[in-house]
>>> print(open('query.txt').read())   # compact mmCIF, C-alpha atoms
# COMPACT_ATOMS: atom_id res chain seq x y z
CA MET A 104 -27.67 2.11 -12.47
CA PRO A 105 -26.35 3.88 -9.37
CA GLU A 106 -26.46 7.63 -9.41
CA ASN A 107 -23.21 9.53 -9.79
CA LEU A 108 -21.56 6.48 -11.37
CA ASP A 109 -20.09 8.72 -14.00
CA PHE A 110 -18.58 11.11 -11.46
CA ILE A 111 -17.24 8.32 -9.25
CA LEU A 112 -15.62 6.59 -12.20
CA ARG A 113 -14.10 9.81 -13.46
CA THR A 114 -12.66 10.73 -10.05
CA VAL A 115 -11.15 7.30 -9.44
CA LEU A 116 -9.74 7.11 -12.96
CA GLN A 117 -7.92 10.40 -12.41
CA GLY A 118 -5.72 8.40 -10.06
CA LEU A 119 -4.94 5.70 -12.59
CA PRO A 120 -1.90 7.44 -14.13
CA TYR A 121 -0.40 7.74 -10.64
CA THR A 122 -1.05 4.11 -9.74
CA ALA A 123 0.27 2.92 -13.10
CA GLY A 124 3.22 5.32 -12.95
CA ALA A 125 4.15 4.31 -9.41
CA ALA A 126 3.89 0.64 -10.34
CA ALA A 127 5.91 1.06 -13.55
CA GLY A 128 8.58 3.17 -11.86
CA GLY A 129 8.70 0.83 -8.89
CA ILE A 130 9.00 -2.22 -11.13
CA ALA A 131 11.82 -0.64 -13.16
CA LEU A 132 13.74 0.26 -10.00
CA THR A 133 13.03 -3.16 -8.51
CA ALA A 134 14.41 -4.89 -11.59
CA VAL A 135 17.62 -2.84 -11.56
CA LEU A 136 18.19 -3.22 -7.81
CA SER A 137 17.34 -6.93 -7.85
CA PHE A 138 20.00 -7.65 -10.44
CA ALA A 139 22.59 -5.37 -8.87
CA ALA A 140 22.07 -6.68 -5.34
CA GLY A 141 21.39 -10.26 -6.40
CA LEU A 142 24.62 -10.54 -8.38
CA ALA A 143 26.47 -8.70 -5.62
CA LEU A 144 25.29 -11.41 -3.19
CA LEU A 145 27.18 -13.89 -5.37
CA SER A 146 30.29 -11.74 -5.67
CA ARG A 147 33.71 -13.10 -4.84
CA SER A 148 34.52 -10.00 -2.83
CA ARG A 149 33.44 -10.28 0.78
CA THR A 150 32.88 -6.52 1.08
CA VAL A 151 30.50 -6.48 -1.88
CA ARG A 152 28.60 -9.44 -0.44
CA VAL A 153 28.31 -7.82 2.98
CA VAL A 154 27.11 -4.48 1.61
CA SER A 155 24.48 -6.22 -0.48
CA ARG A 156 23.41 -8.45 2.43
CA VAL A 157 22.96 -5.40 4.66
CA TYR A 158 20.76 -3.77 2.02
CA VAL A 159 18.68 -6.91 1.50
CA GLU A 160 18.14 -7.72 5.18
CA GLY A 161 17.69 -4.06 6.09
CA PHE A 162 14.86 -3.54 3.66
CA ARG A 163 13.27 -6.93 4.17
CA GLY A 164 13.44 -6.63 7.94
CA THR A 165 11.85 -3.21 8.39
CA SER A 166 8.28 -2.61 7.38
CA GLU A 167 7.55 -1.01 4.01
CA VAL A 168 5.17 1.51 5.59
CA VAL A 169 7.88 2.52 8.07
CA GLN A 170 10.31 2.93 5.16
CA LEU A 171 7.79 5.12 3.38
CA PHE A 172 7.36 7.35 6.43
CA TRP A 173 11.08 7.42 6.99
CA ILE A 174 11.99 8.52 3.48
CA TYR A 175 9.11 10.94 3.08
CA PHE A 176 8.81 12.53 6.53
CA ALA A 177 12.09 11.85 8.32
CA LEU A 178 14.85 11.97 5.72
CA PRO A 179 14.13 15.61 4.75
CA VAL A 180 14.93 16.68 8.33
CA LEU A 181 18.34 15.07 8.11
CA VAL A 182 19.41 16.10 4.63
CA GLY A 183 17.19 19.11 4.02
CA LEU A 184 15.76 17.63 0.83
CA GLN A 185 12.03 17.08 0.45
CA LEU A 186 11.07 14.48 -2.13
CA VAL A 187 8.00 14.81 -4.32
CA PRO A 188 5.44 12.27 -2.94
CA LEU A 189 5.27 10.17 -6.11
CA PHE A 190 9.04 10.06 -6.34
CA ALA A 191 9.44 9.08 -2.69
CA GLY A 192 6.82 6.38 -3.27
CA ILE A 193 8.60 4.93 -6.30
CA LEU A 194 11.88 5.00 -4.38
CA VAL A 195 10.44 3.04 -1.45
CA LEU A 196 8.57 0.55 -3.65
CA GLY A 197 11.76 -0.06 -5.64
CA LEU A 198 14.10 -0.28 -2.66
CA ASN A 199 11.80 -2.59 -0.72
CA HIS A 200 10.87 -4.98 -3.51
CA GLY A 201 14.40 -4.85 -4.91
CA ALA A 202 15.57 -6.45 -1.66
CA TYR A 203 13.17 -9.34 -2.20
CA GLY A 204 14.08 -9.51 -5.88
CA ALA A 205 17.77 -9.81 -5.04
CA GLU A 206 17.06 -13.19 -3.45
CA ILE A 207 15.13 -14.26 -6.54
CA VAL A 208 18.08 -13.35 -8.79
CA ARG A 209 20.56 -15.03 -6.47
CA GLY A 210 18.49 -18.21 -6.27
CA ALA A 211 17.94 -18.37 -10.03
CA VAL A 212 21.62 -17.87 -10.86
CA ARG A 213 22.56 -20.55 -8.35
CA SER A 214 20.03 -22.94 -9.83
CA VAL A 215 21.84 -22.96 -13.19
CA PRO A 216 23.59 -26.35 -13.35
CA ARG A 217 27.25 -26.39 -12.42
CA ALA A 218 28.13 -28.01 -15.75
CA GLN A 219 27.07 -24.80 -17.51
CA TYR A 220 29.79 -22.88 -15.64
CA GLU A 221 32.32 -25.55 -16.42
CA GLY A 222 31.33 -25.59 -20.09
CA ALA A 223 31.70 -21.81 -20.27
CA VAL A 224 35.11 -22.00 -18.60
CA ALA A 225 36.17 -24.75 -21.03
CA LEU A 226 35.15 -22.48 -23.92
CA ASN A 227 37.50 -19.86 -22.48
CA LEU A 228 34.80 -17.28 -21.79
CA GLY A 229 35.70 -14.53 -19.32
CA PRO A 230 33.65 -14.02 -16.15
CA ALA A 231 31.52 -11.24 -17.68
CA GLN A 232 30.86 -13.16 -20.89
CA ARG A 233 30.13 -16.30 -18.92
CA MET A 234 27.50 -14.49 -16.90
CA ARG A 235 25.98 -12.57 -19.81
CA ARG A 236 26.01 -15.25 -22.49
CA VAL A 237 25.61 -18.49 -20.58
CA ILE A 238 24.35 -18.14 -17.03
CA LEU A 239 21.93 -15.21 -17.08
CA PRO A 240 19.91 -16.28 -20.15
CA GLN A 241 19.12 -19.53 -18.35
CA ALA A 242 18.59 -17.89 -14.97
CA VAL A 243 16.18 -15.29 -16.35
CA VAL A 244 13.69 -17.96 -17.40
CA GLU A 245 13.66 -19.24 -13.82
CA MET A 246 13.28 -15.75 -12.38
CA LEU A 247 10.26 -14.57 -14.30
CA PRO A 248 7.47 -16.45 -12.48
CA PRO A 249 8.62 -15.30 -9.00
CA PHE A 250 9.19 -11.80 -10.37
CA ASN A 251 5.62 -11.81 -11.61
CA ASN A 252 4.42 -12.40 -8.04
CA LEU A 253 6.74 -9.73 -6.73
CA PHE A 254 5.54 -7.16 -9.26
CA ILE A 255 1.90 -7.87 -8.43
CA GLN A 256 2.75 -7.42 -4.78
CA LEU A 257 4.34 -4.10 -5.68
CA LEU A 258 1.27 -3.05 -7.66
CA LYS A 259 -0.95 -3.75 -4.65
CA ASN A 260 1.40 -1.84 -2.38
CA THR A 261 1.09 1.31 -4.50
CA SER A 262 -2.08 1.80 -2.43
CA LEU A 263 0.17 2.57 0.56
CA LEU A 264 1.24 5.75 -1.22
CA PHE A 265 -2.09 7.28 -0.24
CA LEU A 266 -0.47 7.68 3.20
CA ILE A 267 1.90 10.26 1.71
CA GLN A 268 -0.80 12.00 -0.35
CA VAL A 269 0.01 10.58 -3.77
CA PRO A 270 -3.30 10.97 -5.66
CA GLU A 271 -3.40 7.33 -6.83
CA ILE A 272 -6.65 5.41 -7.20
CA PHE A 273 -6.96 4.37 -3.56
CA ARG A 274 -6.61 7.96 -2.42
CA GLN A 275 -9.11 9.07 -5.04
CA GLY A 276 -11.52 6.59 -3.48
CA GLU A 277 -10.79 8.12 -0.08
CA ILE A 278 -11.55 11.58 -1.42
CA LEU A 279 -14.98 10.34 -2.47
CA ARG A 280 -15.79 8.55 0.78
CA PRO A 281 -17.11 11.43 2.90
CA GLN A 282 -19.54 12.64 0.26
CA TYR A 283 -20.43 9.42 -1.53
CA GLY A 284 -20.54 7.15 1.50
CA GLY A 285 -23.74 5.62 0.18
CA GLN A 286 -21.87 4.25 -2.81
CA LEU A 287 -18.87 2.87 -0.98
CA GLY A 288 -19.54 -0.62 -2.32
CA LEU A 289 -19.36 0.70 -5.85
CA ILE A 290 -16.19 2.69 -5.16
CA TYR A 291 -14.38 -0.33 -3.70
CA LEU A 292 -15.63 -2.52 -6.54
CA VAL A 293 -14.17 -0.11 -9.09
CA LEU A 294 -10.87 -0.11 -7.20
CA ALA A 295 -10.78 -3.91 -7.05
CA VAL A 296 -11.50 -4.20 -10.77
CA LEU A 297 -8.74 -1.71 -11.60
CA TYR A 298 -6.15 -3.52 -9.45
CA LEU A 299 -7.22 -6.82 -10.96
CA ALA A 300 -6.88 -5.44 -14.50
CA LEU A 301 -3.43 -4.01 -13.81
CA ALA A 302 -2.35 -7.31 -12.21
CA LEU A 303 -3.50 -9.18 -15.34
CA LEU A 304 -1.51 -6.75 -17.45
CA ILE A 305 1.63 -7.51 -15.42
CA THR A 306 1.04 -11.26 -15.67
CA PHE A 307 0.52 -10.94 -19.41
CA ALA A 308 3.75 -8.95 -19.83
CA THR A 309 5.92 -11.29 -17.76
CA GLY A 310 4.35 -14.26 -19.55
CA ARG A 311 5.42 -12.74 -22.87
CA LEU A 312 8.92 -12.13 -21.54
CA GLU A 313 9.10 -15.68 -20.26
CA ARG A 314 8.19 -17.07 -23.68
CA VAL A 315 10.74 -14.86 -25.40
CA ALA A 316 13.45 -15.80 -22.90
CA ALA A 317 12.64 -19.51 -23.22
CA ARG A 318 12.61 -19.35 -27.00
CA ARG A 319 16.06 -17.76 -27.01
CA LEU A 320 17.26 -20.85 -25.19
CA GLY A 321 15.57 -23.05 -27.75
CA ARG A 322 13.10 -24.27 -25.14
CA LYS A 323 9.38 -24.26 -25.26
CA ALA A 324 7.87 -21.95 -22.66
CA PRO A 325 6.38 -23.83 -19.75
CA GLY A 326 2.64 -23.46 -19.32
CA ARG A 327 1.64 -21.54 -16.25
CA ALA A 328 -1.22 -22.77 -14.15
CA GLY A 329 -2.94 -19.80 -12.59
CA VAL A 330 -1.16 -17.28 -10.45
CA PRO A 331 1.46 -19.06 -8.34
CA ALA A 332 1.52 -18.56 -4.64
CA THR A 333 3.63 -16.06 -2.86
CA GLY A 334 2.12 -13.53 -0.63
CA GLY A 335 2.44 -10.69 1.74
CA GLY A 336 5.84 -9.19 1.78
CA LEU A 337 7.50 -12.45 0.88
CA MET B 226 20.53 20.03 7.81
CA ASP B 227 19.91 19.11 11.37
CA ALA B 228 21.95 16.95 13.71
CA TRP B 229 20.72 13.64 15.03
CA LYS B 230 19.31 13.80 18.58
CA TRP B 231 20.04 10.78 20.70
CA ASP B 232 17.76 11.84 23.55
CA LEU B 233 14.78 11.80 21.20
CA PHE B 234 15.87 8.44 19.82
CA PHE B 235 15.93 6.80 23.25
CA GLY B 236 12.99 8.86 24.46
CA SER B 237 10.81 7.40 21.73
CA PHE B 238 11.38 3.86 22.92
CA PRO B 239 8.63 3.71 25.59
CA TYR B 240 6.09 4.94 23.02
CA VAL B 241 7.22 2.51 20.37
CA ALA B 242 7.23 -0.34 22.90
CA ARG B 243 3.61 0.41 23.80
CA GLY B 244 2.75 0.27 20.12
CA LEU B 245 4.70 -2.95 19.78
CA LEU B 246 2.34 -4.70 22.18
CA VAL B 247 -0.57 -3.78 19.91
CA THR B 248 1.37 -4.82 16.79
CA LEU B 249 2.26 -8.17 18.33
CA LYS B 250 -1.29 -8.77 19.51
CA ILE B 251 -2.69 -8.13 16.04
CA THR B 252 0.02 -10.29 14.46
CA LEU B 253 -0.71 -13.13 16.90
CA PHE B 254 -4.47 -13.19 16.45
CA GLY B 255 -4.23 -12.44 12.74
CA SER B 256 -1.82 -15.35 12.29
CA LEU B 257 -3.98 -17.75 14.26
CA LEU B 258 -6.94 -16.77 12.10
CA ALA B 259 -4.86 -17.18 8.94
CA TYR B 260 -3.60 -20.61 10.03
CA ALA B 261 -7.06 -21.90 10.93
CA LEU B 262 -8.98 -20.37 8.05
CA GLY B 263 -6.30 -21.32 5.53
CA LEU B 264 -6.50 -24.94 6.65
CA LEU B 265 -10.29 -24.84 6.38
CA PHE B 266 -10.01 -23.38 2.85
CA ALA B 267 -7.49 -26.03 1.80
CA VAL B 268 -9.64 -28.90 3.07
CA LEU B 269 -12.80 -27.41 1.53
CA LEU B 270 -11.07 -26.92 -1.83
CA ARG B 271 -9.98 -30.54 -1.79
CA ALA B 272 -13.50 -31.72 -1.15
CA ARG B 273 -14.49 -30.28 -4.55
CA ILE B 274 -18.06 -29.46 -3.61
CA PRO B 275 -19.71 -28.11 -6.77
CA VAL B 276 -20.45 -24.35 -6.81
CA ALA B 277 -18.91 -23.86 -3.34
CA HIS B 278 -15.56 -24.83 -4.84
CA GLN B 279 -15.79 -22.21 -7.57
CA LEU B 280 -17.06 -19.57 -5.16
CA LEU B 281 -14.18 -20.18 -2.76
CA ARG B 282 -11.62 -20.14 -5.58
CA GLY B 283 -13.05 -16.85 -6.80
CA PHE B 284 -13.01 -15.39 -3.30
CA ILE B 285 -9.37 -16.40 -2.75
CA GLU B 286 -8.34 -15.02 -6.14
CA ALA B 287 -10.17 -11.72 -5.48
CA ILE B 288 -8.56 -11.28 -2.07
CA ARG B 289 -5.12 -12.07 -3.43
CA SER B 290 -5.34 -9.67 -6.34
CA THR B 291 -6.46 -6.62 -4.36
CA PRO B 292 -4.48 -4.59 -1.83
CA VAL B 293 -4.99 -5.51 1.80
CA LEU B 294 -5.67 -1.82 2.42
CA VAL B 295 -8.81 -2.05 0.27
CA GLN B 296 -9.94 -5.03 2.34
CA VAL B 297 -9.26 -3.17 5.58
CA PHE B 298 -11.38 -0.26 4.38
CA VAL B 299 -14.16 -2.53 3.15
CA LEU B 300 -14.38 -4.02 6.65
CA PHE B 301 -14.00 -0.71 8.43
CA TRP B 302 -16.22 1.57 6.35
CA LEU B 303 -18.43 -0.55 4.13
CA MET B 304 -19.37 -3.43 6.44
CA PRO B 305 -21.05 -1.30 9.12
CA GLN B 306 -23.20 0.30 6.39
CA ALA B 307 -24.10 -2.98 4.77
CA THR B 308 -24.62 -5.15 7.84
CA GLY B 309 -24.82 -2.79 10.82
CA ILE B 310 -21.87 -4.57 12.45
CA LYS B 311 -19.24 -2.09 13.54
CA LEU B 312 -15.89 -3.48 14.67
CA ASP B 313 -13.18 -1.49 16.40
CA ALA B 314 -9.99 -0.73 14.49
CA GLU B 315 -7.86 -3.49 16.02
CA THR B 316 -10.43 -6.22 15.43
CA THR B 317 -10.81 -4.97 11.88
CA GLY B 318 -7.06 -5.30 11.44
CA VAL B 319 -7.00 -8.84 12.82
CA LEU B 320 -9.89 -9.87 10.60
CA ALA B 321 -8.56 -8.20 7.42
CA LEU B 322 -5.00 -9.49 7.80
CA GLY B 323 -6.19 -12.92 8.94
CA VAL B 324 -8.51 -13.42 5.99
CA HIS B 325 -5.98 -11.94 3.56
CA TYR B 326 -3.21 -14.26 4.67
CA ALA B 327 -5.58 -17.24 4.88
CA CYS B 328 -5.88 -16.97 1.10
CA TYR B 329 -2.11 -17.50 0.92
CA THR B 330 -1.79 -20.13 3.64
CA ALA B 331 -4.53 -22.15 1.91
CA ASP B 332 -2.03 -22.76 -0.89
CA VAL B 333 0.69 -23.66 1.59
CA TYR B 334 -1.54 -26.29 3.19
CA ARG B 335 -2.58 -27.55 -0.24
CA ALA B 336 1.05 -28.17 -1.15
CA GLY B 337 1.60 -29.88 2.21
CA ILE B 338 -1.44 -32.12 1.74
CA ASP B 339 -0.40 -32.94 -1.83
CA ALA B 340 2.99 -34.02 -0.52
CA VAL B 341 1.43 -36.75 1.65
CA PRO B 342 2.06 -39.96 -0.31
CA ALA B 343 -0.95 -41.51 -2.05
CA GLY B 344 -0.28 -44.75 -0.20
CA GLN B 345 -1.27 -43.06 3.04
CA TRP B 346 -4.69 -42.21 1.64
CA GLU B 347 -5.07 -45.71 0.25
CA ALA B 348 -4.07 -47.32 3.53
CA ALA B 349 -6.52 -45.12 5.40
CA THR B 350 -9.25 -46.12 2.95
CA ALA B 351 -8.29 -49.79 3.20
CA LEU B 352 -8.69 -49.57 6.96
CA SER B 353 -12.07 -47.94 6.24
CA LEU B 354 -11.31 -45.15 8.66
CA PRO B 355 -14.01 -42.52 8.87
CA ARG B 356 -13.28 -39.31 6.92
CA SER B 357 -12.56 -37.32 10.05
CA ARG B 358 -9.99 -39.88 11.19
CA VAL B 359 -8.37 -39.90 7.74
CA TRP B 360 -7.83 -36.15 7.99
CA LEU B 361 -7.09 -35.74 11.67
CA GLY B 362 -5.28 -39.02 12.27
CA VAL B 363 -3.39 -39.64 9.03
CA VAL B 364 -3.12 -36.76 6.58
CA LEU B 365 -2.81 -33.60 8.67
CA PRO B 366 -0.24 -34.94 11.17
CA GLN B 367 2.01 -35.55 8.17
CA ALA B 368 1.13 -32.43 6.19
CA VAL B 369 1.21 -29.76 8.90
CA PRO B 370 4.81 -30.09 10.22
CA ARG B 371 6.09 -29.65 6.67
CA VAL B 372 4.30 -26.34 6.22
CA VAL B 373 5.31 -24.75 9.53
CA PRO B 374 8.25 -22.77 8.06
CA ALA B 375 6.08 -21.36 5.28
CA LEU B 376 3.44 -20.36 7.81
CA GLY B 377 6.17 -18.71 9.88
CA ASN B 378 7.20 -16.66 6.88
CA TYR B 379 3.65 -15.38 6.46
CA THR B 380 3.52 -14.39 10.12
CA ILE B 381 6.71 -12.36 9.66
CA SER B 382 5.19 -10.67 6.61
CA MET B 383 2.01 -9.93 8.50
CA PHE B 384 3.97 -8.42 11.39
CA LYS B 385 5.54 -5.96 8.96
CA GLU B 386 2.18 -5.12 7.40
CA VAL B 387 0.46 -4.13 10.63
CA PRO B 388 1.65 -0.47 10.36
CA LEU B 389 -0.68 0.10 7.42
CA LEU B 390 -3.50 -0.13 9.97
CA LEU B 391 -2.60 3.37 11.11
CA ALA B 392 -4.86 4.38 8.23
CA ILE B 393 -7.81 3.37 10.43
CA GLY B 394 -6.26 4.68 13.63
CA VAL B 395 -4.68 1.58 15.17
CA LEU B 396 -2.05 2.71 17.69
CA ASP B 397 0.72 0.41 16.48
CA VAL B 398 4.50 0.92 16.52
CA LEU B 399 4.51 3.43 13.68
CA ASN B 400 1.49 5.39 14.92
CA ARG B 401 3.06 5.70 18.38
CA ALA B 402 6.31 6.85 16.78
CA LYS B 403 4.31 9.39 14.80
CA GLU B 404 2.62 10.59 17.99
CA PHE B 405 5.97 10.98 19.72
CA GLY B 406 7.32 12.81 16.69
CA ALA B 407 4.38 15.21 16.67
CA ASP B 408 4.91 16.01 20.36
CA ASN B 409 8.57 16.84 19.72
CA TYR B 410 8.26 18.39 16.25
CA ARG B 411 10.79 15.87 14.95
CA VAL B 412 10.07 12.44 13.55
CA ILE B 413 13.38 11.10 12.34
CA GLU B 414 14.57 9.53 15.60
CA ALA B 415 11.20 7.98 16.40
CA TYR B 416 10.74 6.55 12.89
CA THR B 417 14.26 5.15 12.97
CA MET B 418 13.45 3.52 16.30
CA ALA B 419 10.27 2.06 14.78
CA GLY B 420 12.24 0.60 11.86
CA LEU B 421 14.87 -0.86 14.17
CA VAL B 422 12.20 -2.49 16.33
CA PHE B 423 10.82 -4.24 13.27
CA LEU B 424 14.29 -5.31 12.21
CA ALA B 425 15.23 -6.51 15.69
CA LEU B 426 12.26 -8.85 15.76
CA SER B 427 11.81 -9.94 12.15
CA TYR B 428 15.45 -10.65 11.34
CA PRO B 429 16.02 -13.23 14.09
CA ALA B 430 12.59 -14.67 13.34
CA SER B 431 13.47 -15.13 9.67
CA ILE B 432 16.75 -16.83 10.60
CA LEU B 433 14.77 -19.18 12.83
CA VAL B 434 12.38 -19.95 9.99
CA ARG B 435 15.29 -20.63 7.62
CA ARG B 436 16.68 -23.09 10.14
CA LEU B 437 13.32 -24.79 10.45
CA GLU B 438 13.13 -24.97 6.66
CA ARG B 439 16.41 -26.83 6.53
CA ARG B 440 15.32 -29.19 9.26
CA VAL B 441 12.06 -29.94 7.45
CA ALA B 442 13.85 -30.43 4.13
CA HIS B 443 16.50 -32.79 5.58
CA PRO B 444 15.05 -34.53 8.61
>>> encode(input="query.txt", output="structure tokens")
Amino acid sequence: MPENLDFILRTVLQGLPYTAGAAAGGIALTAVLSFAAGLALLSRSRTVRVVSRVYVEGFRGTSEVVQLFWIYFALPVLVGLQLVPLFAGILVLGLNHGAYGAEIVRGAVRSVPRAQYEGAVALNLGPAQRMRRVILPQAVVEMLPPFNNLFIQLLKNTSLLFLIQVPEIFRQGEILRPQYGGQLGLIYLVLAVLYLALALLITFATGRLERVAARRLGRKAPGRAGVPATGGGL
Amino acid sequence: MDAWKWDLFFGSFPYVARGLLVTLKITLFGSLLAYALGLLFAVLLRARIPVAHQLLRGFIEAIRSTPVLVQVFVLFWLMPQATGIKLDAETTGVLALGVHYACYTADVYRAGIDAVPAGQWEAATALSLPRSRVWLGVVLPQAVPRVVPALGNYTISMFKEVPLLLAIGVLDVLNRAKEFGADNYRVIEAYTMAGLVFLALSYPASILVRRLERRVAHP
């Protein structure tokens, strides 16, 4: 049993609410922005499509770390408003991953068979009803596996918030490093286990959602083999 | 509220450009490592060697479920303690990003190898080609072109992840912008320049990859 295990654990765990909070907040914002921007990409209005496209390409094209520095350190100079670190972090996580999520939503909506649109039109459903009652319920089932990957990516990227002094678990590990350098292996192991546990939690939650969404369509939920592959900032 | 200063915006460019060379160098070597190691992983996983197979699967899963920042710090702070090998910051970045992305490209190659028709394997066996010829002469020449766009996407992602290496002192685009900002007591112009540099390179690159994707899908 390594010495100071208790202290190391306690210090790292103090960061857990921040990591979990940043991930939860980021995921909520990502979900909202993904739907808003993703549906806007499919809008009939050219202006709406262009605005959404600029948002999506702008946030996918610039680095997330640069965005973090920009919103936390640079924006206050321009508008005279300093964001709380955690809030700035959630904002960047949501804006960045929302841009990737928009493409997921767009792709899933487009993958719904054309006949479903035609059927909804034949039943005299308006555009809003068509989307809400017919298209989205089918699209959501398609979206959930890629969203699971995106959310896990977001969870891992909460570690970047240590760069703006959010006391999340990675930063807590950094606080320990100078004094407990001898137990670095243990510190990083604890961090890895915590990230792994949170990632499993996300996978479990999206799996539940996927089953519920599939059942509402009268389908059986597809089995999922391991964690599917998407990586990096994809 | 403070007005935007164009002179600082343009003045930051030489700094950012110097950082860009470092960013591109790390992206290049990191990508090459990810391409090579990912291919090695994919071939090894297919060989299904007992124990080694499970170990490699576990390793890939562990790398993919933890932040790349943790891996960077393990290499930078823990490895010298454990092994006595101390790498400089840039090499650490190349190694960490390369290994991290190899765990993703391994899956890309796997899909590409799976897409090679079974008949090709059977024909190669029927000709009793040696194993190395089966891989190098038959399977990989068909599998690799198909996965090029996906590999390109990972390179673009890696390019945008290099700035996190400022945590270990790599003088990349963002760190140079930060330096310039510190000298002038204002960061907004320099950080905007840094963002635009990323956009100016990654956006055309992603369009190129999309085009490649279409060409691969409909030859």
>>> closest_residue(input="query.txt", among="B:Arg371, B:His325, B:Arg440, B:Arg356", to="chain A", atoms="all atoms listed in the file")
B:His325
>>> atom_distance(input="query.txt", atom1="atom CA of Phe176 of chain A", atom2="atom CA of Val412 of chain B")
7.1 Å
>>> atom_distance(input="query.txt", atom1="atom CA of Val208 of chain A", atom2="atom CA of Phe138 of chain A")
6.2 Å
>>> closest_atom_pairs(input="query.txt", of="chain A", to="chain B", cutoff="9 Å", atoms="all atoms listed in the file", output="Markdown table")
| residue | atom | partner | partner_atom | distance |
| --- | --- | --- | --- | --- |
| A:Glu160 | CA | B:Tyr428 | CA | 7.3 |
| A:Gly161 | CA | B:Leu424 | CA | 7.1 |
| A:Phe162 | CA | B:Leu424 | CA | 8.7 |
| A:Arg163 | CA | B:Leu424 | CA | 8.3 |
| A:Gly164 | CA | B:Leu424 | CA | 4.5 |
| A:Thr165 | CA | B:Leu424 | CA | 5.0 |
| A:Ser166 | CA | B:Lys385 | CA | 4.6 |
| A:Glu167 | CA | B:Lys385 | CA | 7.3 |
| A:Val168 | CA | B:Pro388 | CA | 6.3 |
| A:Val169 | CA | B:Gly420 | CA | 6.1 |
| A:Gln170 | CA | B:Gly420 | CA | 7.4 |
| A:Phe172 | CA | B:Tyr416 | CA | 7.3 |
| A:Trp173 | CA | B:Tyr416 | CA | 6.0 |
| A:Phe176 | CA | B:Val412 | CA | 7.1 |
| A:Ala177 | CA | B:Ile413 | CA | 4.3 |
| A:Leu178 | CA | B:Ile413 | CA | 6.8 |
| A:Pro179 | CA | B:Met226 | CA | 8.4 |
| A:Val180 | CA | B:Asp227 | CA | 6.3 |
| A:Leu181 | CA | B:Asp227 | CA | 5.4 |
| A:Val182 | CA | B:Met226 | CA | 5.2 |
| A:Gly183 | CA | B:Met226 | CA | 5.1 |
| A:Leu184 | CA | B:Met226 | CA | 8.8 |
| A:Ile255 | CA | B:Ser290 | CA | 7.7 |
| A:Gln256 | CA | B:Pro292 | CA | 8.3 |
| A:Leu258 | CA | B:Pro292 | CA | 8.3 |
| A:Lys259 | CA | B:Pro292 | CA | 4.6 |
| A:Asn260 | CA | B:Pro292 | CA | 6.5 |
| A:Thr261 | CA | B:Pro292 | CA | 8.5 |
| A:Ser262 | CA | B:Pro292 | CA | 6.9 |
| A:Leu263 | CA | B:Leu389 | CA | 7.3 |
| A:Leu266 | CA | B:Ala392 | CA | 7.4 |
| A:Phe273 | CA | B:Val295 | CA | 7.7 |
| A:Arg280 | CA | B:Trp302 | CA | 8.9 |
| A:Gly284 | CA | B:Leu303 | CA | 8.4 |
| A:Gly285 | CA | B:Gln306 | CA | 8.2 |
| A:Leu287 | CA | B:Leu303 | CA | 6.2 |
| A:Gly288 | CA | B:Leu303 | CA | 6.5 |
| A:Tyr291 | CA | B:Val295 | CA | 7.1 |
| A:Leu294 | CA | B:Val295 | CA | 8.0 |
| A:Ala295 | CA | B:Thr291 | CA | 5.8 |
| A:Val296 | CA | B:Thr291 | CA | 8.5 |
| A:Tyr298 | CA | B:Thr291 | CA | 6.0 |
| A:Leu299 | CA | B:Ser290 | CA | 5.7 |
| A:Ala302 | CA | B:Ser290 | CA | 7.0 |
| A:Val330 | CA | B:Glu286 | CA | 8.7 |
| A:Ala332 | CA | B:Asp332 | CA | 6.7 |
| A:Thr333 | CA | B:Tyr329 | CA | 7.0 |
| A:Gly334 | CA | B:Tyr329 | CA | 6.0 |
| A:Gly335 | CA | B:Ser382 | CA | 5.6 |
| A:Gly336 | CA | B:Ser382 | CA | 5.1 |
| A:Leu337 | CA | B:Ser382 | CA | 6.4 |
>>> atom_distance(input="query.txt", atom1="atom CA of Leu253 of chain A", atom2="atom CA of Ile130 of chain A")
9.0 Å
>>> axis_aligned_box(input="query.txt", around="segment 227-234 of chain B", padding_each_side="3 Å", output="JSON")
{"center_x": 18.4, "center_y": 13.8, "center_z": 17.5, "size_x": 13.2, "size_y": 16.7, "size_z": 18.2}
>>> residues_around(input="query.txt", residues="Arg322 of chain A", least_positions_apart="5", cutoff="12 Å", atoms="all atoms listed in the file", output="number ranges by chain")
A: 240-241, 244, 313-317
>>> write_last_selection(input="query.txt", atoms="C-alpha atoms", output="short mmCIF file (atom, residue, chain, number, x, y, z; two decimals), in the frame of the given file")
data_model
loop_
_atom_site.label_atom_id
_atom_site.label_comp_id
_atom_site.auth_asym_id
_atom_site.auth_seq_id
_atom_site.Cartn_x
_atom_site.Cartn_y
_atom_site.Cartn_z
CA PRO A 240 19.91 -16.28 -20.15
CA GLN A 241 19.12 -19.53 -18.35
CA VAL A 244 13.69 -17.96 -17.40
CA GLU A 313 9.10 -15.68 -20.26
CA ARG A 314 8.19 -17.07 -23.68
CA VAL A 315 10.74 -14.86 -25.40
CA ALA A 316 13.45 -15.80 -22.90
CA ALA A 317 12.64 -19.51 -23.22
#
>>> residues_near_point(input="query.txt", point="(-11.4, -21.6, 7.0)", cutoff="12 Å", atoms="all atoms listed in the file", output="list of chain:residue names")
B:Leu257, B:Leu258, B:Ala259, B:Tyr260, B:Ala261, B:Leu262, B:Gly263, B:Leu264, B:Leu265, B:Phe266, B:Ala267, B:Val268, B:Leu269, B:Leu270, B:Leu281, B:Ile285, B:Gly323, B:Val324, B:His325, B:Tyr326, B:Ala327, B:Cys328, B:Tyr329, B:Thr330, B:Ala331, B:Tyr334
